[in-house]
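S.K.: Have a peek at input.cif (mmCIF, C-alpha atoms and all ligand atoms).
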data_protein
#
loop_
_atom_site.label_atom_id
_atom_site.label_comp_id
_atom_site.auth_asym_id
_atom_site.auth_seq_id
_atom_site.Cartn_x
_atom_site.Cartn_y
_atom_site.Cartn_z
CA MET F 1 87.37 134.00 50.62
CA THR F 2 87.09 136.58 53.24
CA ARG F 3 86.13 133.89 55.61
CA ARG F 4 89.45 132.17 55.10
CA LEU F 5 91.16 135.25 56.26
CA TRP F 6 89.10 134.85 59.34
CA LYS F 7 91.04 131.75 60.23
CA PRO F 8 90.76 131.87 64.02
CA GLN F 9 93.81 133.17 65.77
CA LYS F 10 94.54 132.53 69.37
CA THR F 11 93.83 135.54 71.50
CA SER F 12 96.30 136.33 74.23
CA GLN F 13 93.68 135.12 76.72
CA GLN F 14 93.42 131.72 74.97
CA ARG F 15 97.15 131.44 74.80
CA SER F 16 97.47 131.94 78.51
CA LYS F 17 94.82 129.23 79.05
CA THR F 18 96.99 126.85 77.04
CA GLU F 19 99.98 127.86 79.11
CA VAL F 20 98.07 127.23 82.32
CA ARG F 21 96.97 123.83 81.06
CA ARG F 22 100.56 122.92 80.20
CA ILE F 23 101.73 123.99 83.64
CA ILE F 24 98.98 121.91 85.25
CA PHE F 25 99.91 118.84 83.18
CA THR F 26 103.55 119.28 84.12
CA LEU F 27 102.62 119.61 87.77
CA ILE F 28 100.47 116.47 87.63
CA ALA F 29 103.32 114.58 86.01
CA VAL F 30 105.80 115.77 88.63
CA VAL F 31 103.41 115.00 91.49
CA SER F 32 102.58 111.50 90.27
CA PHE F 33 106.24 110.80 89.65
CA SER F 34 107.12 111.91 93.18
CA ALA F 35 104.29 109.81 94.58
CA ALA F 36 105.51 106.77 92.68
CA LEU F 37 109.04 107.47 93.83
CA ALA F 38 107.91 107.83 97.46
CA GLN F 39 105.98 104.60 97.19
CA TRP F 40 108.98 102.82 95.70
CA LEU F 41 111.29 104.14 98.45
CA HIS F 42 108.67 103.11 101.00
CA ALA F 43 108.58 99.60 99.55
CA GLN F 44 112.41 99.44 99.64
CA GLU F 45 112.49 100.15 103.36
CA GLY F 46 109.91 97.46 104.00
CA GLY F 47 106.90 99.77 104.16
CA SER F 48 106.90 100.21 107.90
CA ALA F 49 104.51 103.16 108.00
CA PHE F 50 101.07 102.73 109.50
CA GLU F 51 98.43 105.32 108.68
CA PRO F 52 95.23 105.92 110.66
CA THR F 53 92.33 103.47 110.49
CA LEU F 54 89.31 105.14 108.85
CA PRO F 55 86.23 103.12 109.81
CA ASN F 56 83.15 103.31 107.59
CA LYS F 57 80.39 105.55 108.93
CA THR F 58 77.63 103.09 108.02
CA ARG F 59 75.75 101.85 111.07
CA ALA F 60 75.04 98.20 111.82
CA PRO F 61 72.25 97.06 109.49
CA GLY F 62 69.74 95.93 112.10
CA LYS F 63 70.02 93.65 115.09
CA ALA F 64 73.16 91.55 115.47
CA PRO F 65 72.74 87.83 114.77
CA GLU F 66 73.20 85.86 118.01
CA GLY F 67 76.77 85.82 119.22
CA MET F 68 78.00 88.19 116.52
CA VAL F 69 79.19 91.79 116.58
CA TRP F 70 79.18 94.44 113.86
CA ILE F 71 82.53 95.30 112.32
CA PRO F 72 82.12 98.57 110.39
CA GLY F 73 84.91 97.92 107.90
CA GLY F 74 86.86 100.81 106.42
CA GLU F 75 90.35 101.68 105.31
CA PHE F 76 93.39 100.61 107.31
CA SER F 77 97.08 99.76 107.18
CA MET F 78 97.52 95.99 107.09
CA GLY F 79 100.47 93.82 108.08
CA ALA F 80 103.23 93.92 110.68
CA SER F 81 106.78 95.18 110.75
CA THR F 82 108.28 91.76 111.45
CA ASN F 83 111.63 91.46 113.13
CA GLY F 84 111.07 95.06 114.15
CA HIS F 85 112.52 96.95 117.07
CA GLY F 86 111.79 96.92 120.78
CA MET F 87 108.23 95.85 121.48
CA ASP F 88 107.76 95.01 117.80
CA GLU F 89 110.57 92.49 117.78
CA MET F 90 109.41 89.06 116.71
CA PRO F 91 111.87 86.19 116.89
CA MET F 92 111.60 83.28 114.47
CA ALA F 93 108.99 85.03 112.34
CA SER F 94 108.97 84.59 108.62
CA ASN F 95 109.04 87.76 106.62
CA ASP F 96 105.56 87.39 105.19
CA ALA F 97 103.64 90.10 107.04
CA GLY F 98 105.10 93.04 105.12
CA PRO F 99 105.16 95.44 103.51
CA ILE F 100 102.46 97.33 105.36
CA HIS F 101 99.83 98.16 102.75
CA ARG F 102 96.56 100.03 102.61
CA VAL F 103 93.37 97.97 102.47
CA ARG F 104 89.64 98.72 102.46
CA VAL F 105 87.02 96.19 103.64
CA ASP F 106 83.22 96.38 103.69
CA GLY F 107 81.32 96.06 106.97
CA PHE F 108 80.38 92.58 108.24
CA TRP F 109 79.17 90.60 111.24
CA MET F 110 81.74 88.51 113.11
CA ASP F 111 81.43 85.81 115.77
CA ALA F 112 82.45 87.39 119.08
CA THR F 113 84.42 84.25 119.99
CA PRO F 114 85.99 81.28 118.25
CA VAL F 115 83.44 78.50 117.57
CA THR F 116 83.13 76.43 120.75
CA ASN F 117 82.84 72.68 121.34
CA GLY F 118 79.21 73.24 122.31
CA GLN F 119 78.43 75.01 119.03
CA PHE F 120 80.28 72.46 116.95
CA GLU F 121 78.45 69.65 118.69
CA LYS F 122 75.10 71.18 117.60
CA PHE F 123 76.33 71.22 114.01
CA VAL F 124 77.48 67.59 114.15
CA LYS F 125 74.19 66.50 115.76
CA ALA F 126 72.17 68.31 113.11
CA THR F 127 74.15 67.11 110.09
CA GLY F 128 76.02 63.94 111.05
CA TYR F 129 79.17 65.60 109.73
CA VAL F 130 82.40 63.65 110.14
CA THR F 131 85.52 65.81 110.45
CA ILE F 132 88.69 65.20 108.44
CA ALA F 133 90.57 64.06 111.57
CA GLU F 134 87.96 61.32 112.04
CA ARG F 135 88.42 59.99 108.48
CA THR F 136 91.26 57.71 107.46
CA PRO F 137 93.59 59.68 105.15
CA THR F 138 94.66 58.18 101.83
CA GLN F 139 98.10 58.11 100.25
CA GLU F 140 96.59 60.12 97.40
CA GLU F 141 95.81 63.00 99.73
CA PHE F 142 99.17 62.83 101.52
CA PRO F 143 101.65 61.52 98.97
CA THR F 144 104.65 62.21 101.19
CA ALA F 145 103.20 60.83 104.42
CA PRO F 146 104.69 57.61 105.83
CA ALA F 147 102.24 54.68 105.57
CA GLU F 148 102.01 54.34 109.36
CA ASN F 149 100.62 57.87 109.46
CA LEU F 150 97.70 56.94 107.21
CA VAL F 151 95.41 56.56 110.18
CA ALA F 152 92.70 58.92 111.38
CA GLY F 153 94.14 61.50 113.75
CA GLY F 154 95.48 64.97 114.21
CA VAL F 155 98.61 66.90 115.04
CA VAL F 156 99.22 67.37 118.76
CA PHE F 157 101.64 69.45 120.78
CA ALA F 158 103.53 67.78 123.62
CA PRO F 159 106.03 69.57 125.83
CA THR F 160 109.57 68.22 125.71
CA ASP F 161 111.35 66.87 128.79
CA ARG F 162 114.46 68.98 128.12
CA ASP F 163 115.66 72.02 126.19
CA VAL F 164 115.57 71.40 122.45
CA PRO F 165 116.75 73.43 119.48
CA LEU F 166 113.87 75.68 118.41
CA THR F 167 114.64 75.04 114.76
CA ASP F 168 113.03 71.58 114.80
CA HIS F 169 109.30 71.67 115.48
CA TYR F 170 109.03 67.87 115.21
CA GLN F 171 110.48 67.90 118.73
CA TRP F 172 107.11 69.08 120.06
CA TRP F 173 104.58 68.31 117.30
CA SER F 174 103.51 64.82 116.37
CA TYR F 175 100.69 63.13 114.53
CA VAL F 176 98.50 61.34 117.07
CA LYS F 177 96.18 58.53 116.10
CA GLY F 178 92.65 59.13 117.32
CA ALA F 179 93.11 62.84 118.00
CA ASN F 180 90.05 64.75 116.79
CA TRP F 181 87.66 67.46 118.01
CA ARG F 182 86.13 65.14 120.63
CA HIS F 183 89.60 64.00 121.76
CA PRO F 184 91.83 67.02 121.07
CA ILE F 185 95.12 65.54 122.28
CA GLY F 186 94.41 61.87 121.63
CA PRO F 187 91.99 59.04 122.53
CA GLN F 188 92.59 59.41 126.28
CA SER F 189 91.49 63.07 126.23
CA ASP F 190 87.95 64.42 125.98
CA ILE F 191 85.93 67.63 126.00
CA LYS F 192 83.58 66.86 128.89
CA GLY F 193 82.66 70.08 130.67
CA LYS F 194 84.46 72.06 127.98
CA GLU F 195 81.44 73.30 125.99
CA ASN F 196 82.82 76.82 126.31
CA TYR F 197 86.28 76.04 124.97
CA PRO F 198 87.21 76.67 121.33
CA VAL F 199 86.75 73.57 119.18
CA LEU F 200 90.13 72.10 118.11
CA GLN F 201 91.43 69.62 115.50
CA ILE F 202 89.46 71.39 112.78
CA ALA F 203 90.65 71.16 109.18
CA TYR F 204 89.70 73.85 106.68
CA PRO F 205 86.90 71.87 105.02
CA ASP F 206 85.40 71.22 108.48
CA ALA F 207 85.36 74.93 109.25
CA GLU F 208 83.83 75.64 105.85
CA ALA F 209 81.12 73.00 106.37
CA TYR F 210 80.21 74.47 109.75
CA ALA F 211 80.07 78.00 108.33
CA LYS F 212 77.80 76.91 105.51
CA TRP F 213 75.46 75.16 107.94
CA ALA F 214 75.36 78.27 110.14
CA GLY F 215 74.57 80.52 107.15
CA LYS F 216 77.93 82.20 107.55
CA ARG F 217 81.38 82.07 105.95
CA LEU F 218 85.03 82.20 107.00
CA PRO F 219 86.68 85.63 107.23
CA THR F 220 89.14 86.84 104.66
CA GLU F 221 92.55 87.60 106.13
CA ALA F 222 91.91 91.32 105.62
CA GLU F 223 88.59 91.11 107.46
CA PHE F 224 90.25 89.24 110.31
CA GLU F 225 92.98 91.83 110.70
CA PHE F 226 90.63 94.81 110.39
CA ALA F 227 88.45 93.28 113.10
CA ALA F 228 91.43 92.33 115.29
CA ARG F 229 92.75 95.90 115.30
CA GLY F 230 89.47 96.96 116.91
CA GLY F 231 89.58 100.48 115.46
CA LEU F 232 93.18 101.11 116.53
CA SER F 233 95.92 101.62 113.97
CA GLY F 234 99.46 100.33 113.86
CA LYS F 235 99.40 98.97 117.42
CA THR F 236 101.57 95.98 118.33
CA TYR F 237 98.71 94.08 119.99
CA VAL F 238 94.97 94.05 119.46
CA TRP F 239 94.61 96.07 122.69
CA GLY F 240 97.51 98.55 122.33
CA ASP F 241 101.29 98.73 122.48
CA GLU F 242 101.96 97.32 125.93
CA PHE F 243 101.94 93.54 126.36
CA ARG F 244 100.63 93.74 129.94
CA PRO F 245 99.00 97.12 130.57
CA ASN F 246 99.09 97.72 134.37
CA GLY F 247 100.29 94.14 134.77
CA LYS F 248 97.08 92.71 133.29
CA TRP F 249 97.26 89.62 131.07
CA MET F 250 95.39 90.38 127.84
CA ALA F 251 95.61 87.09 125.94
CA ASN F 252 96.27 83.41 126.50
CA THR F 253 99.92 82.81 125.52
CA TRP F 254 102.85 80.72 126.82
CA GLN F 255 105.06 81.64 129.77
CA GLY F 256 108.19 79.83 130.82
CA LYS F 257 110.73 77.91 128.80
CA PHE F 258 109.37 76.83 125.38
CA PRO F 259 108.60 74.04 124.62
CA VAL F 260 109.49 72.51 127.98
CA LYS F 261 107.13 74.02 130.53
CA ASP F 262 104.24 76.45 130.28
CA THR F 263 104.09 78.02 133.74
CA GLY F 264 100.62 79.39 133.00
CA ASP F 265 101.27 82.77 134.66
CA ASP F 266 98.38 84.22 132.60
CA GLY F 267 96.00 81.80 134.32
CA TYR F 268 96.09 79.04 131.71
CA ALA F 269 98.74 76.45 130.91
CA GLY F 270 97.03 75.24 127.75
CA ILE F 271 93.79 76.30 126.15
CA ALA F 272 91.34 78.65 127.92
CA PRO F 273 87.54 78.88 127.71
CA VAL F 274 86.39 81.64 125.33
CA LYS F 275 85.86 85.08 126.94
CA SER F 276 88.57 84.43 129.57
CA PHE F 277 90.36 87.65 128.58
CA SER F 278 89.09 91.16 127.80
CA PRO F 279 87.51 91.81 124.39
CA ASN F 280 89.09 94.21 121.88
CA GLY F 281 87.65 97.56 120.77
CA TYR F 282 84.96 95.88 118.67
CA GLY F 283 83.88 93.48 121.43
CA LEU F 284 85.73 90.48 119.95
CA TYR F 285 87.35 87.92 122.25
CA ASP F 286 90.49 85.85 121.64
CA MET F 287 91.57 87.75 118.52
CA ALA F 288 95.10 87.12 119.81
CA GLY F 289 96.30 83.98 121.58
CA ASN F 290 94.34 80.91 122.73
CA VAL F 291 93.77 79.33 119.28
CA TRP F 292 94.90 80.08 115.76
CA GLU F 293 91.95 80.65 113.44
CA TRP F 294 91.39 79.69 109.82
CA CYS F 295 91.01 82.46 107.23
CA ALA F 296 89.59 81.96 103.75
CA ASP F 297 92.70 83.19 101.88
CA TRP F 298 95.25 80.89 100.29
CA TYR F 299 98.68 81.44 101.85
CA ARG F 300 101.48 82.95 99.80
CA LEU F 301 104.64 84.31 101.39
CA ASP F 302 104.85 87.17 98.89
CA TYR F 303 101.18 88.19 98.74
CA TYR F 304 101.59 91.53 100.53
CA LYS F 305 104.50 92.40 98.30
CA THR F 306 102.35 91.71 95.23
CA LEU F 307 99.62 94.00 96.58
CA THR F 308 102.13 96.72 97.51
CA ASP F 309 103.72 96.59 94.05
CA LYS F 310 100.29 97.23 92.50
CA GLY F 311 99.97 100.35 94.66
CA GLY F 312 96.90 102.20 95.87
CA VAL F 313 94.25 100.97 98.29
CA VAL F 314 93.29 97.32 97.82
CA SER F 315 89.54 96.78 98.10
CA ASN F 316 88.26 93.62 99.84
CA PRO F 317 91.29 91.45 99.01
CA LYS F 318 90.53 87.74 98.99
CA GLY F 319 94.04 86.35 98.88
CA PRO F 320 96.18 85.05 96.01
CA GLU F 321 94.71 82.71 93.40
CA SER F 322 96.81 79.78 94.49
CA PRO F 323 98.82 78.80 97.56
CA PHE F 324 102.60 78.76 97.76
CA ASP F 325 104.85 78.35 100.76
CA PRO F 326 108.49 78.07 99.66
CA ALA F 327 109.22 76.18 102.90
CA GLU F 328 106.81 73.38 101.89
CA PRO F 329 106.04 73.95 98.21
CA ASN F 330 103.85 70.84 97.79
CA GLU F 331 101.41 71.67 100.55
CA LYS F 332 98.23 73.61 99.92
CA LYS F 333 98.03 76.07 102.78
CA ARG F 334 95.54 78.65 103.90
CA VAL F 335 96.13 81.53 106.26
CA HIS F 336 95.91 81.21 110.03
CA ARG F 337 95.55 84.30 112.19
CA GLY F 338 95.74 85.28 115.84
CA GLY F 339 98.38 83.01 117.34
CA SER F 340 97.70 80.50 120.11
CA PHE F 341 98.30 79.52 123.73
CA LEU F 342 101.67 78.19 122.55
CA CYS F 343 102.92 81.53 121.24
CA ASN F 344 105.75 83.07 123.19
CA GLU F 345 108.50 85.61 122.84
CA GLN F 346 111.23 82.95 122.51
CA TYR F 347 109.85 81.20 119.48
CA CYS F 348 106.81 82.70 117.80
CA SER F 349 105.24 85.93 119.00
CA ARG F 350 102.37 85.83 116.60
CA TYR F 351 99.88 87.24 119.06
CA ILE F 352 101.31 90.43 117.54
CA VAL F 353 98.47 91.79 115.42
CA GLY F 354 99.19 91.79 111.69
CA THR F 355 101.45 88.74 111.81
CA ARG F 356 100.47 85.64 109.87
CA GLY F 357 100.31 81.89 110.25
CA LYS F 358 99.58 79.15 107.74
CA GLY F 359 98.48 75.57 107.61
CA GLU F 360 97.91 72.68 105.24
CA VAL F 361 94.17 72.62 104.59
CA ASN F 362 93.46 69.07 105.77
CA THR F 363 95.51 69.30 108.95
CA GLY F 364 93.93 69.98 112.32
CA THR F 365 95.92 70.60 115.48
CA ASN F 366 95.18 71.12 119.16
CA HIS F 367 95.90 74.85 118.90
CA LEU F 368 93.82 75.64 115.81
CA GLY F 369 90.15 76.60 115.61
CA PHE F 370 88.04 79.12 113.68
CA ARG F 371 85.24 81.66 113.83
CA CYS F 372 82.76 82.83 111.19
CA VAL F 373 81.61 86.07 109.63
CA LYS F 374 78.53 87.10 107.71
CA SER F 375 77.96 89.87 105.20
CA PRO F 376 74.81 91.93 105.75
CA CA F 401 98.62 80.67 128.88
CU CU F 402 102.95 81.05 117.70
#
Here is a file; write its structure as C-alpha cells.
M.R.:
Amino acid sequence: MTRRLWKPQKTSQQRSKTEVRRIIFTLIAVVSFSAALAQWLHAQEGGSAFEPTLPNKTRAPGKAPEGMVWIPGGEFSMGASTNGHGMDEMPMASNDAGPIHRVRVDGFWMDATPVTNGQFEKFVKATGYVTIAERTPTQEEFPTAPAENLVAGGVVFAPTDRDVPLTDHYQWWSYVKGANWRHPIGPQSDIKGKENYPVLQIAYPDAEAYAKWAGKRLPTEAEFEFAARGGLSGKTYVWGDEFRPNGKWMANTWQGKFPVKDTGDDGYAGIAPVKSFSPNGYGLYDMAGNVWEWCADWYRLDYYKTLTDKGGVVSNPKGPESPFDPAEPNEKKRVHRGGSFLCNEQYCSRYIVGTRGKGEVNTGTNHLGFRCVKSP
C-alpha cells in the first residue's frame, strides 16, 4: 500500500526537461515547415539558385585507363536557368533544364574526348558490328516513316540557300540514304584522314555496343553534367561565364547566319578534330560544342521537376523510368548533352552547360557522337 503512495511524481527538474523537449519539437516543426516553404517558393520561381559544387575528397583509385580522366564526383547544382537573362539567355530552348536541383554522383573515369573514328574503327574490326544507320529500317521500327525513307541512312544537316523560318527544322535536316559513320553526310563523303574526329551517325544501341566492347558504359546525364562543370558551379559555360575570355574561342559552335552560312570564325565551319579547343577543369575536351553526346538516361521534359518536387539531394540519378517528349510523344528518346558545331545564339545555344538535348534512340546524325565512362 505504501508503495502506491509512492506513485512517482514529476520533480520540477523533470518537468522542465519535458518543457525543453516540447520547445525543441516545436522548433523542429517550425524549421522544417519553413524549409519546405522556402523550397516550395524556390520551385515556384523556377529554382534559379546554384549552390557551390562540393567534390568528393576520394582520390583517383589507381592509374587512369588509357584516354580517361578521373572525375571525383560529389554534390552539385544541376540544370540551367533557361531563357534567363543576359549571358544566360537561350533562344529557342525548351524549358526542360529546370528547376536547378541538388544532385550527388559517385566518382568515375571518363573518356577525355568523344569516341573518334579511329577508335570506332577498331571496335568494328574486332567485332564486325554493323551500325543502325547501315541496316535497312523496317516499318515496324518506324511506323510513321514514309516508305521511301525505309532505306539505310542517317539524318544530315545541309545549309539552306536563303533565310528560312527557324521554326521548321526540316528546312536544314533531311534523311540521307547511305549516310553512316563511314560516310557521315552521305555516300559521297568519307572519313579518310579523319581518325581524330568524333565518330558520327551513331545511334544509341551503337554507342552501347561500343561501350560494352570497351568494358565501359555510357554516362548518366548527371555524370555528364558534373563532369562538364569541371569543378565550377553555376557557370554559364563549362569554362566560366564569358563566351570568349580574352577573345579566345573555347568551343566549336556556329558563327554567321543560321542555317545559311557558318563563317567558321572559331576555326571550324563544321566538325573539328577532338582536342581542338582547351579542356575543362577536369581535363575533358569538347564537353560543349563540336558534337552532341548520348547519355544513358531516358528523356522526359519534366524529369527535373519530378526530382525537385521530391526534395533533398538526389543520389546518382539514372533518369526517368520511361521516355516522354510531349513534342513527339511516340518517339523513344534518350538525353543528348553538350551541343554541337551547329549550336548558335540565334537558334539553339545549348553549348550552355546544364542545358539538354534529346534524340530518338535509333537515329544517328552528323552532329551526334558519344563518349564512355567507367566506374572504379
Ligand atoms: Ca565552328
Ligand atoms: Cu544546338
S.K.: One decimal, in Å: what's the spacing between atom CA of F:Pro72 and atom CA of F:Glu225?
M.R.: 12.8 Å
S.K.: Which one of F:Ala97, F:Leu218, F:Cys372, F:Cys343 sits closest to F:Trp254 if you count only C-alpha atoms?
M.R.: F:Cys343
S.K.: Within 12 Å of ligand CU 402 (chain F), which residues show up when you count all atoms listed in the file? List them as a ChimeraX atom specification, please.
M.R.: /F:90-94,169,252-254,258-259,288-293,336-353,355-358,367-368
S.K.: Using all atoms listed in the file, find the one residue out of F:Asp161, F:Glu66, F:Asp266, F:Glu223 that sits nearest to ligand CA 401 (chain F).
M.R.: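 Of all the options, F:Asp266 lies closest to ligand CA 401 (chain F).
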S.K.: Set the distance at 6 Å and use all atoms listed in the file: which residues neighbour F:Gly98 once local chain neighbours fewer than 3 positions away are removed? I'd like the list as a ChimeraX atom specification.
M.R.: /F:79-80,304
S.K.: Rank F:Lys261, F:Arg182, F:Arg300, F:Lys125 by their smallest atom-to-atom distance to ligand CA 401 (chain F), using only C-alpha atoms and all ligand atoms, and report the top residue only.
M.R.: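 Using only C-alpha atoms and all ligand atoms, ligand CA 401 (chain F) sits closest to F:Lys261.
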S.K.: Residues at most 8 Å from F:Gly319, counting all atoms listed in the file, excluding those fewer than 4 positions away in the same chain, as a PDB file with C-alpha atoms, keeping the file's coordinate frame?
M.R.:
ATOM      1  CA  THR F 220      89.140  86.840 104.660  1.00  0.00           C
ATOM      2  CA  GLU F 221      92.550  87.600 106.130  1.00  0.00           C
ATOM      3  CA  ALA F 296      89.590  81.960 103.750  1.00  0.00           C
ATOM      4  CA  ASP F 297      92.700  83.190 101.880  1.00  0.00           C
ATOM      5  CA  TRP F 298      95.250  80.890 100.290  1.00  0.00           C
ATOM      6  CA  TYR F 299      98.680  81.440 101.850  1.00  0.00           C
ATOM      7  CA  TYR F 303     101.180  88.190  98.740  1.00  0.00           C
TER       8      TYR F 303
END
S.K.: F:Glu121: which residues within 12 Å, counting only C-alpha atoms, same-chain residues fewer than 2 positions away excluded, as number ranges by chain?
M.R.: F: 115-119, 123-131, 181-182, 191-192, 194-200, 210
S.K.: Between atom CA of F:Tyr285 and atom CA of F:Phe226, what is the distance, to one decimal in Å?
M.R.: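 Result for atom CA of F:Tyr285 versus atom CA of F:Phe226: 14.1 Å, one decimal.
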S.K.: Of the residues F:Pro376, F:Pro326, F:Pro320, F:Gly364, which is the one nearest to F:Ala207, using only C-alpha atoms?
M.R.: F:Gly364
S.K.: Rank F:Val105, F:Arg371, F:Glu134, F:Thr58 by their smallest atom-to-atom distance to F:His183, using only C-alpha atoms, and report the top residue only.
M.R.: F:Glu134
